file protein.txt (compact mmCIF, C-alpha atoms)
# COMPACT_ATOMS: atom_id res chain seq x y z
CA MET A 1 12.39 12.53 3.34
CA GLU A 2 9.04 10.94 4.13
CA LYS A 3 8.78 7.35 2.91
CA ILE A 4 6.07 4.72 3.26
CA ILE A 5 7.43 1.77 5.23
CA ASP A 6 6.61 -1.78 4.18
CA SER A 7 6.52 -4.62 6.69
CA THR A 8 9.55 -6.24 5.00
CA TYR A 9 11.63 -3.30 6.22
CA PHE A 10 10.63 -3.26 9.90
CA ARG A 11 13.59 -5.34 11.09
CA ASP A 12 16.13 -4.41 8.40
CA PRO A 13 19.34 -2.77 9.70
CA ALA A 14 19.09 -0.37 6.74
CA LEU A 15 16.18 1.25 8.59
CA LEU A 16 18.63 2.28 11.31
CA ASP A 17 20.82 3.93 8.66
CA TYR A 18 17.80 5.72 7.23
CA PHE A 19 16.88 7.24 10.59
CA ARG A 20 20.44 8.04 11.65
CA SER A 21 21.52 9.63 8.37
CA ASP A 22 19.11 12.55 8.74
CA LYS A 23 16.77 13.45 11.59
CA SER A 24 14.23 14.69 9.06
CA ASN A 25 13.92 11.20 7.55
CA MET A 26 10.47 9.90 8.45
CA ALA A 27 8.95 6.41 8.26
CA VAL A 28 5.28 6.72 7.28
CA PHE A 29 2.88 3.99 8.42
CA CYS A 30 -0.31 3.33 6.48
CA ASP A 31 -3.02 1.24 8.12
CA ASP A 32 -1.86 -2.02 6.53
CA ALA A 33 1.65 -1.52 7.90
CA CYS A 34 0.15 -1.06 11.35
CA MET A 35 -2.01 -4.18 11.03
CA GLU A 36 0.79 -6.35 9.66
CA THR A 37 2.73 -5.90 12.91
CA TYR A 38 0.03 -7.99 14.63
CA LYS A 39 0.40 -11.08 12.43
CA GLY A 40 1.21 -14.41 14.08
CA ASN A 41 2.06 -14.29 17.78
CA ALA A 42 0.82 -10.72 18.15
CA THR A 43 2.61 -9.61 21.33
CA LYS A 44 5.93 -11.17 20.38
CA ASN A 45 5.85 -10.12 16.73
CA ILE A 46 4.76 -6.54 17.30
CA SER A 47 7.60 -6.10 19.79
CA LYS A 48 10.13 -7.30 17.21
CA SER A 49 8.53 -5.32 14.37
CA ILE A 50 8.70 -1.99 16.18
CA GLU A 51 12.06 -2.61 17.88
CA ILE A 52 13.91 -0.25 15.50
CA VAL A 53 11.25 2.42 14.98
CA SER A 54 10.61 2.59 18.75
CA ARG A 55 14.10 4.11 19.10
CA PHE A 56 13.09 6.96 16.80
CA PRO A 57 9.49 7.83 17.79
CA ASP A 58 9.88 11.43 16.58
CA GLN A 59 10.65 10.12 13.07
CA VAL A 60 7.41 8.20 12.67
CA ILE A 61 4.20 9.37 11.01
CA ILE A 62 0.95 7.39 11.33
CA LEU A 63 -1.64 7.92 8.61
CA LYS A 64 -5.40 7.86 8.89
CA SER A 65 -7.34 4.84 7.67
CA THR A 66 -7.47 4.13 3.95
CA ARG A 67 -11.18 4.95 3.93
CA ASP A 68 -10.40 8.39 5.33
CA VAL A 69 -7.51 8.84 2.89
CA ILE A 70 -9.79 8.03 -0.05
CA ARG A 71 -12.21 10.76 1.00
CA ILE A 72 -9.50 13.32 1.81
CA THR A 73 -7.57 12.92 -1.45
CA LEU A 74 -10.74 13.58 -3.42
CA LEU A 75 -11.33 16.85 -1.62
CA ASN A 76 -7.92 18.29 -0.76
CA LYS A 77 -4.30 18.11 -1.97
CA ARG A 78 -2.74 18.93 1.42
CA LEU A 79 -0.74 15.86 2.43
CA GLU A 80 -0.63 16.87 6.08
CA LEU A 81 -4.35 16.09 6.28
CA LEU A 82 -3.55 12.40 5.73
CA GLU A 83 -1.74 12.15 9.06
CA ASP A 84 -3.50 10.84 12.15
CA THR A 85 -1.89 13.36 14.47
CA SER A 86 -3.29 11.69 17.59
CA GLN A 87 -1.71 8.33 16.77
CA THR A 88 1.53 9.97 15.69
CA ARG A 89 1.79 11.87 18.98
CA GLY A 90 0.92 8.72 20.90
CA PHE A 91 3.41 6.46 19.13
CA LYS A 92 6.06 6.73 21.84
CA MET A 93 3.54 5.74 24.52
CA PHE A 94 2.31 2.90 22.31
CA CYS A 95 5.86 1.50 22.14
CA LEU A 96 6.15 1.70 25.92
CA ASP A 97 2.83 -0.13 26.30
CA VAL A 98 4.07 -2.92 24.02
CA GLU A 99 7.17 -3.25 26.18
CA ARG A 100 5.01 -3.45 29.31
CA ALA A 101 2.90 -6.16 27.68
CA ILE A 102 6.04 -8.17 26.93
CA GLN A 103 7.01 -7.81 30.60
CA GLY A 104 3.69 -9.30 31.68
CA ASP A 105 1.07 -6.53 31.91
CA GLN A 106 -2.10 -8.55 31.29
CA ALA A 107 -4.38 -5.59 30.54
CA LEU A 108 -2.05 -4.31 27.83
CA THR A 109 -1.57 -7.81 26.46
CA LYS A 110 -5.36 -8.14 26.17
CA GLN A 111 -5.53 -4.86 24.21
CA ILE A 112 -2.91 -6.14 21.77
CA LEU A 113 -4.80 -9.42 21.29
CA ILE A 114 -8.03 -7.52 20.58
CA LYS A 115 -6.28 -5.46 17.90
CA ALA A 116 -4.68 -8.62 16.53
CA GLN A 117 -8.14 -10.15 16.06
CA ILE A 118 -9.32 -7.03 14.25
CA ALA A 119 -6.30 -7.31 11.94
CA LEU A 120 -6.99 -11.02 11.36
CA ASP A 121 -10.63 -10.30 10.47
CA HIS A 122 -9.43 -7.64 8.03
CA TYR A 123 -7.05 -10.03 6.27
CA ASN A 124 -9.67 -12.77 6.12
CA LYS A 125 -11.91 -10.29 4.31
CA THR A 126 -9.13 -9.29 1.90
CA LEU A 127 -8.59 -12.97 1.11
CA LYS A 128 -12.19 -13.18 -0.11
CA ASP A 129 -11.69 -9.96 -2.10
CA THR A 130 -8.56 -11.46 -3.67
CA MET A 131 -10.56 -14.44 -4.92
CA LEU A 132 -12.90 -12.06 -6.75
CA VAL A 133 -9.95 -10.15 -8.21
CA VAL A 134 -8.39 -13.37 -9.50
CA GLU A 135 -11.57 -14.36 -11.29
CA GLY A 136 -11.83 -10.91 -12.86
CA ILE A 137 -8.25 -10.98 -14.10
CA LYS A 138 -8.73 -14.36 -15.75
CA GLU A 139 -11.33 -12.73 -17.98
CA TYR A 140 -9.44 -9.47 -18.41
CA ALA A 141 -6.29 -11.27 -19.57
CA LYS A 142 -8.05 -12.35 -22.74
CA SER A 143 -7.90 -8.78 -24.13
CA PHE A 144 -4.10 -8.55 -23.98
CA LYS A 145 -1.68 -8.94 -26.85
CA PRO A 146 1.96 -9.97 -26.34
CA GLU A 147 3.27 -6.42 -26.87
CA HIS A 148 1.04 -5.13 -24.08
CA LEU A 149 2.65 -7.52 -21.64
CA LYS A 150 6.17 -6.30 -22.50
CA THR A 151 5.39 -2.63 -22.77
CA LEU A 152 6.87 -1.39 -19.49
CA ARG A 153 10.13 -3.24 -20.03
CA ASN A 154 10.91 -0.99 -22.99
CA LYS A 155 9.71 2.36 -21.74
CA ASN A 156 11.42 4.34 -24.50
CA GLU A 157 9.71 2.36 -27.26
CA ILE A 158 6.08 2.25 -26.18
CA LYS A 159 3.74 2.55 -29.14
CA LEU A 160 0.94 5.10 -29.10
CA GLU A 161 -1.72 2.39 -29.40
CA VAL A 162 -0.35 0.67 -26.28
CA PHE A 163 -0.33 3.96 -24.37
CA ASP A 164 -3.93 4.41 -25.47
CA LYS A 165 -4.97 0.96 -24.24
CA ILE A 166 -3.18 1.41 -20.91
CA SER A 167 -4.84 4.77 -20.27
CA LYS A 168 -8.32 3.51 -21.20
CA ASP A 169 -7.94 0.36 -19.08
CA ILE A 170 -6.77 2.31 -16.04
CA LEU A 171 -9.54 4.89 -16.36
CA LEU A 172 -12.12 2.11 -16.63
CA LEU A 173 -10.72 0.37 -13.56
CA THR A 174 -10.71 3.70 -11.70
CA TYR A 175 -14.35 4.28 -12.60
CA LEU A 176 -15.31 0.83 -11.33
CA LEU A 177 -13.44 1.40 -8.05
CA PHE A 178 -15.11 4.79 -7.57
CA HIS A 179 -18.49 3.32 -8.41
CA ASP A 180 -18.22 0.48 -5.89
CA HIS A 181 -16.53 2.23 -2.97
CA PRO A 182 -18.74 3.23 0.01
CA GLU A 183 -16.69 6.38 0.69
CA VAL A 184 -17.32 7.74 -2.83
CA LEU A 185 -20.83 9.17 -2.97
CA GLU A 186 -20.57 10.35 -6.58
CA ILE A 187 -18.12 9.97 -9.46
CA PRO A 188 -15.59 12.83 -9.05
CA GLN A 189 -14.79 15.53 -11.58
CA ALA A 190 -11.85 14.89 -13.91
CA SER A 191 -9.77 17.52 -12.07
CA GLN A 192 -10.10 15.53 -8.83
CA VAL A 193 -9.10 12.14 -10.17
CA ARG A 194 -5.32 12.31 -10.71
CA ASP A 195 -4.54 13.23 -7.10
CA SER A 196 -6.92 10.71 -5.58
CA TYR A 197 -5.78 7.58 -3.77
CA VAL A 198 -8.28 5.50 -5.75
CA PHE A 199 -6.75 6.52 -9.08
CA ARG A 200 -3.20 5.79 -7.96
CA PHE A 201 -4.29 2.46 -6.51
CA ALA A 202 -5.93 1.66 -9.87
CA ILE A 203 -2.64 2.31 -11.68
CA SER A 204 -0.63 0.07 -9.34
CA ALA A 205 -3.34 -2.63 -9.45
CA TYR A 206 -3.30 -2.55 -13.24
CA LEU A 207 0.48 -2.87 -13.30
CA LEU A 208 0.32 -5.77 -10.86
CA MET A 209 -2.19 -7.44 -13.16
CA LEU A 210 0.19 -7.00 -16.12
CA ARG A 211 2.95 -8.68 -14.12
CA TRP A 212 0.74 -11.58 -13.12
CA ILE A 213 -0.25 -12.16 -16.73
CA SER A 214 3.23 -11.69 -18.18
CA ASP A 215 4.72 -14.04 -15.58
CA GLY A 216 2.66 -16.90 -16.93
CA GLY A 217 -0.77 -16.29 -15.49
CA ILE A 218 -2.20 -16.55 -12.00
CA GLU A 219 -3.68 -20.05 -12.00
CA SER A 220 -0.55 -21.64 -10.53
CA LYS A 221 0.08 -18.99 -7.86
CA PRO A 222 -1.04 -19.72 -4.26
CA LEU A 223 -3.96 -17.58 -3.10
CA ASN A 224 -2.05 -16.25 -0.08
CA LYS A 225 0.72 -15.02 -2.41
CA LEU A 226 -1.84 -13.23 -4.56
CA GLN A 227 -3.34 -11.74 -1.41
CA ASN A 228 0.05 -10.42 -0.32
CA ASP A 229 0.56 -8.88 -3.77
CA CYS A 230 -2.81 -7.11 -3.47
CA ILE A 231 -1.79 -5.69 -0.09
CA ASP A 232 1.56 -4.58 -1.50
CA ILE A 233 -0.01 -2.35 -4.14
CA LYS A 234 -1.74 -0.38 -1.41
CA TYR A 235 1.72 0.57 -0.12
CA VAL A 236 2.67 1.54 -3.68
CA ALA A 237 -0.36 3.80 -4.04
CA TYR A 238 0.49 5.52 -0.75
CA ALA A 239 4.13 5.95 -1.75
CA THR A 240 3.16 8.09 -4.75
CA PHE A 241 2.03 10.78 -2.32
CA PHE A 242 5.36 10.76 -0.48
CA ASP A 243 9.06 10.37 -1.29
CA GLY A 244 9.05 6.67 -2.05
CA LEU A 245 9.12 3.28 -0.33
CA LEU A 246 11.15 1.65 2.39
CA THR A 247 10.95 -1.98 1.25
CA LYS A 248 13.03 -5.07 0.51
CA ASP A 249 10.44 -6.31 -1.99
CA LYS A 250 11.84 -5.90 -5.51
CA LYS A 251 8.49 -6.48 -7.19
CA MET A 252 6.86 -3.77 -5.08
CA GLU A 253 9.71 -1.38 -5.84
CA GLY A 254 9.37 -2.11 -9.56
CA ILE A 255 5.62 -1.48 -9.55
CA TYR A 256 6.21 1.78 -7.68
CA ILE A 257 8.69 2.96 -10.34
CA ASP A 258 6.28 1.96 -13.12
CA THR A 259 3.37 3.70 -11.37
CA LEU A 260 5.31 6.96 -11.26
CA PHE A 261 6.17 6.48 -14.94
CA ILE A 262 2.50 6.07 -15.85
CA LEU A 263 1.54 9.12 -13.77
CA LYS A 264 4.15 11.31 -15.48
CA ARG A 265 3.96 9.98 -19.03
CA VAL A 266 0.39 8.84 -19.54
CA PHE A 267 -1.54 11.05 -17.10
CA LYS A 268 0.48 14.29 -17.03

call {"tool": "encode", "arguments": {"input": "protein.txt", "output": "structure tokens"}}
result
Amino acid sequence: MEKIIDSTYFRDPALLDYFRSDKSNMAVFCDDACMETYKGNATKNISKSIEIVSRFPDQVIILKSTRDVIRITLLNKRLELLEDTSQTRGFKMFCLDVERAIQGDQALTKQILIKAQIALDHYNKTLKDTMLVVEGIKEYAKSFKPEHLKTLRNKNEIKLEVFDKISKDILLLTYLLFHDHPEVLEIPQASQVRDSYVFRFAISAYLLMLRWISDGGIESKPLNKLQNDCIDIKYVAYATFFDGLLTKDKKMEGIYIDTLFILKRVFK
């Protein structure tokens, strides 16, 4: 099994069971999972976050950046191309370097702090992006009827008109994401879309939006919570390329299940 690991699972004892139950069980790190290990007191937190996975370095896969993944999934269906083989091979040494930093190696500590600042800058940018998303959803919510907001809770009774709206909305969102992304030089052919990261992200983003609206709107939710939700759907999009998620987040798990449902039932 190869499963995308979410930051909520880094320190969970269940991760030990996952690794020990089968040596072929792999934890797959996307770039956000890597960056989330640097949050807070970077040196201390990263040591705790990788404490379990550092015992199983041969069962860890590090992926390329999301920008690279976007480009690759538009051109090729080979999942092995998503792996950053250099970082995967160097993971064991990375864990040793973190341990040396904890023991007082100033040069290695400085490297960690530099990466922590890069991660912080990234999340500050995503906070601004989240504000734009929130404003867009406030307008988008006006087009929804009550049955649209309940549709995924009764999967066996979804009306054709609701399926039609969902598919059109997701395709429109996908088009907008393709149009605005710097790694997409031209709108891809229809045959390229279903297996692209952008399309699968669009599905999970749409489903997150439905949850926000059906849970009473987004006006009362703290911005940092909305930001975390937006990060979570990136994990969901990645998980559709692999064997699932390693997460303790029930909302994320639910959106993942619904994303697979949409992929199989709406976009066969």

call {"tool": "closest_residue", "arguments": {"input": "protein.txt", "among": "A:Leu74, A:Leu15, A:Ala42, A:Leu208", "to": "Gln59 in chain A", "atoms": "only C-alpha atoms"}}
result
A:Leu15

call {"tool": "atom_distance", "arguments": {"input": "protein.txt", "atom1": "CA of Arg265 in chain A", "atom2": "CA of Asp232 in chain A"}}
result
22.9 Å

call {"tool": "residues_around", "arguments": {"input": "protein.txt", "residues": "Glu80 in chain A", "least_positions_apart": "3", "cutoff": "12 Å", "atoms": "all atoms listed in the file", "output": "ChimeraX atom specification"}}
result
/A:2,28,61-64,69,72-73,76-77,83-85,241-242

call {"tool": "residues_around", "arguments": {"input": "protein.txt", "residues": "Asp243 in chain A", "least_positions_apart": "2", "cutoff": "12 Å", "atoms": "only C-alpha atoms", "output": "PyMOL selection string"}}
result
chain A and resi 1-5+25-28+79+236-241+245-246+256-257+260

call {"tool": "write_last_selection", "arguments": {"input": "protein.txt", "atoms": "C-alpha atoms", "output": "short mmCIF file (atom, residue, chain, number, x, y, z; two decimals), in the frame of the given file"}}
result
data_model
loop_
_atom_site.label_atom_id
_atom_site.label_comp_id
_atom_site.auth_asym_id
_atom_site.auth_seq_id
_atom_site.Cartn_x
_atom_site.Cartn_y
_atom_site.Cartn_z
CA MET A 1 12.39 12.53 3.34
CA GLU A 2 9.04 10.94 4.13
CA LYS A 3 8.78 7.35 2.91
CA ILE A 4 6.07 4.72 3.26
CA ILE A 5 7.43 1.77 5.23
CA ASN A 25 13.92 11.20 7.55
CA MET A 26 10.47 9.90 8.45
CA ALA A 27 8.95 6.41 8.26
CA VAL A 28 5.28 6.72 7.28
CA LEU A 79 -0.74 15.86 2.43
CA VAL A 236 2.67 1.54 -3.68
CA ALA A 237 -0.36 3.80 -4.04
CA TYR A 238 0.49 5.52 -0.75
CA ALA A 239 4.13 5.95 -1.75
CA THR A 240 3.16 8.09 -4.75
CA PHE A 241 2.03 10.78 -2.32
CA LEU A 245 9.12 3.28 -0.33
CA LEU A 246 11.15 1.65 2.39
CA TYR A 256 6.21 1.78 -7.68
CA ILE A 257 8.69 2.96 -10.34
CA LEU A 260 5.31 6.96 -11.26
#

call {"tool": "residues_around", "arguments": {"input": "protein.txt", "residues": "range 110-115 of chain A", "least_positions_apart": "3", "cutoff": "9 Å", "atoms": "only C-alpha atoms", "output": "PyMOL selection string"}}
result
chain A and resi 35+38+42-43+46+98+101+105-107+118-120

call {"tool": "closest_residue", "arguments": {"input": "protein.txt", "among": "A:Phe261, A:Tyr9, A:Phe56, A:Tyr206", "to": "Lys168 in chain A", "atoms": "only C-alpha atoms"}}
result
A:Tyr206

call {"tool": "closest_residue", "arguments": {"input": "protein.txt", "among": "A:Trp212, A:Phe91, A:Phe10, A:Phe267", "to": "Phe199 in chain A", "atoms": "only C-alpha atoms"}}
result
A:Phe267

call {"tool": "atom_distance", "arguments": {"input": "protein.txt", "atom1": "CA of Asp121 in chain A", "atom2": "CA of Ser65 in chain A"}}
result
15.7 Å

call {"tool": "atom_distance", "arguments": {"input": "protein.txt", "atom1": "CA of Asn41 in chain A", "atom2": "CA of Ala116 in chain A"}}
result
8.9 Å

call {"tool": "build_atoms", "arguments": {"input": "protein.txt", "residues": "range 1-28 of chain A", "atoms": "N, CA and C atoms", "output": "compact mmCIF listing (two decimals), in the frame of the given file"}}
result
# COMPACT_ATOMS: atom_id res chain seq x y z
N MET A 1 13.10 13.54 4.13
CA MET A 1 12.39 12.53 3.34
C MET A 1 11.27 11.90 4.16
N GLU A 2 10.15 11.66 3.52
CA GLU A 2 9.04 10.94 4.13
C GLU A 2 8.70 9.76 3.24
N LYS A 3 8.97 8.53 3.73
CA LYS A 3 8.78 7.35 2.91
C LYS A 3 7.84 6.36 3.59
N ILE A 4 6.97 5.77 2.77
CA ILE A 4 6.07 4.72 3.26
C ILE A 4 6.90 3.49 3.61
N ILE A 5 6.68 2.95 4.81
CA ILE A 5 7.43 1.77 5.23
C ILE A 5 6.60 0.52 5.04
N ASP A 6 7.22 -0.47 4.41
CA ASP A 6 6.61 -1.78 4.18
C ASP A 6 7.05 -2.72 5.30
N SER A 7 6.22 -3.71 5.59
CA SER A 7 6.52 -4.62 6.69
C SER A 7 7.83 -5.38 6.49
N THR A 8 8.28 -5.55 5.24
CA THR A 8 9.55 -6.24 5.00
C THR A 8 10.75 -5.45 5.51
N TYR A 9 10.52 -4.18 5.83
CA TYR A 9 11.63 -3.30 6.22
C TYR A 9 11.70 -3.06 7.72
N PHE A 10 10.70 -3.55 8.47
CA PHE A 10 10.63 -3.26 9.90
C PHE A 10 11.91 -3.64 10.64
N ARG A 11 12.46 -4.80 10.31
CA ARG A 11 13.59 -5.34 11.09
C ARG A 11 14.91 -5.23 10.33
N ASP A 12 14.93 -4.51 9.23
CA ASP A 12 16.13 -4.41 8.40
C ASP A 12 17.09 -3.38 9.01
N PRO A 13 18.36 -3.73 9.17
CA PRO A 13 19.34 -2.77 9.70
C PRO A 13 19.44 -1.49 8.87
N ALA A 14 19.06 -1.57 7.59
CA ALA A 14 19.09 -0.37 6.74
C ALA A 14 18.13 0.70 7.26
N LEU A 15 17.11 0.28 8.01
CA LEU A 15 16.18 1.25 8.59
C LEU A 15 16.90 2.11 9.62
N LEU A 16 17.82 1.51 10.36
CA LEU A 16 18.63 2.28 11.31
C LEU A 16 19.43 3.35 10.57
N ASP A 17 20.03 2.97 9.45
CA ASP A 17 20.82 3.93 8.66
C ASP A 17 19.94 5.06 8.15
N TYR A 18 18.73 4.72 7.74
CA TYR A 18 17.80 5.72 7.23
C TYR A 18 17.48 6.76 8.30
N PHE A 19 17.20 6.31 9.51
CA PHE A 19 16.88 7.24 10.59
C PHE A 19 18.11 8.05 11.02
N ARG A 20 19.24 7.38 11.13
CA ARG A 20 20.44 8.04 11.65
C ARG A 20 21.06 9.02 10.67
N SER A 21 20.86 8.79 9.37
CA SER A 21 21.52 9.63 8.37
C SER A 21 20.97 11.04 8.33
N ASP A 22 19.71 11.21 8.76
CA ASP A 22 19.11 12.55 8.74
C ASP A 22 17.89 12.53 9.66
N LYS A 23 17.87 13.43 10.63
CA LYS A 23 16.77 13.45 11.59
C LYS A 23 15.44 13.83 10.96
N SER A 24 15.48 14.36 9.74
CA SER A 24 14.23 14.69 9.06
C SER A 24 13.68 13.51 8.25
N ASN A 25 14.41 12.40 8.23
CA ASN A 25 13.92 11.20 7.55
C ASN A 25 12.81 10.55 8.36
N MET A 26 11.64 10.42 7.74
CA MET A 26 10.47 9.90 8.45
C MET A 26 10.00 8.58 7.84
N ALA A 27 9.60 7.65 8.70
CA ALA A 27 8.95 6.41 8.26
C ALA A 27 7.45 6.63 8.40
N VAL A 28 6.72 6.46 7.30
CA VAL A 28 5.28 6.72 7.28
C VAL A 28 4.52 5.40 7.28
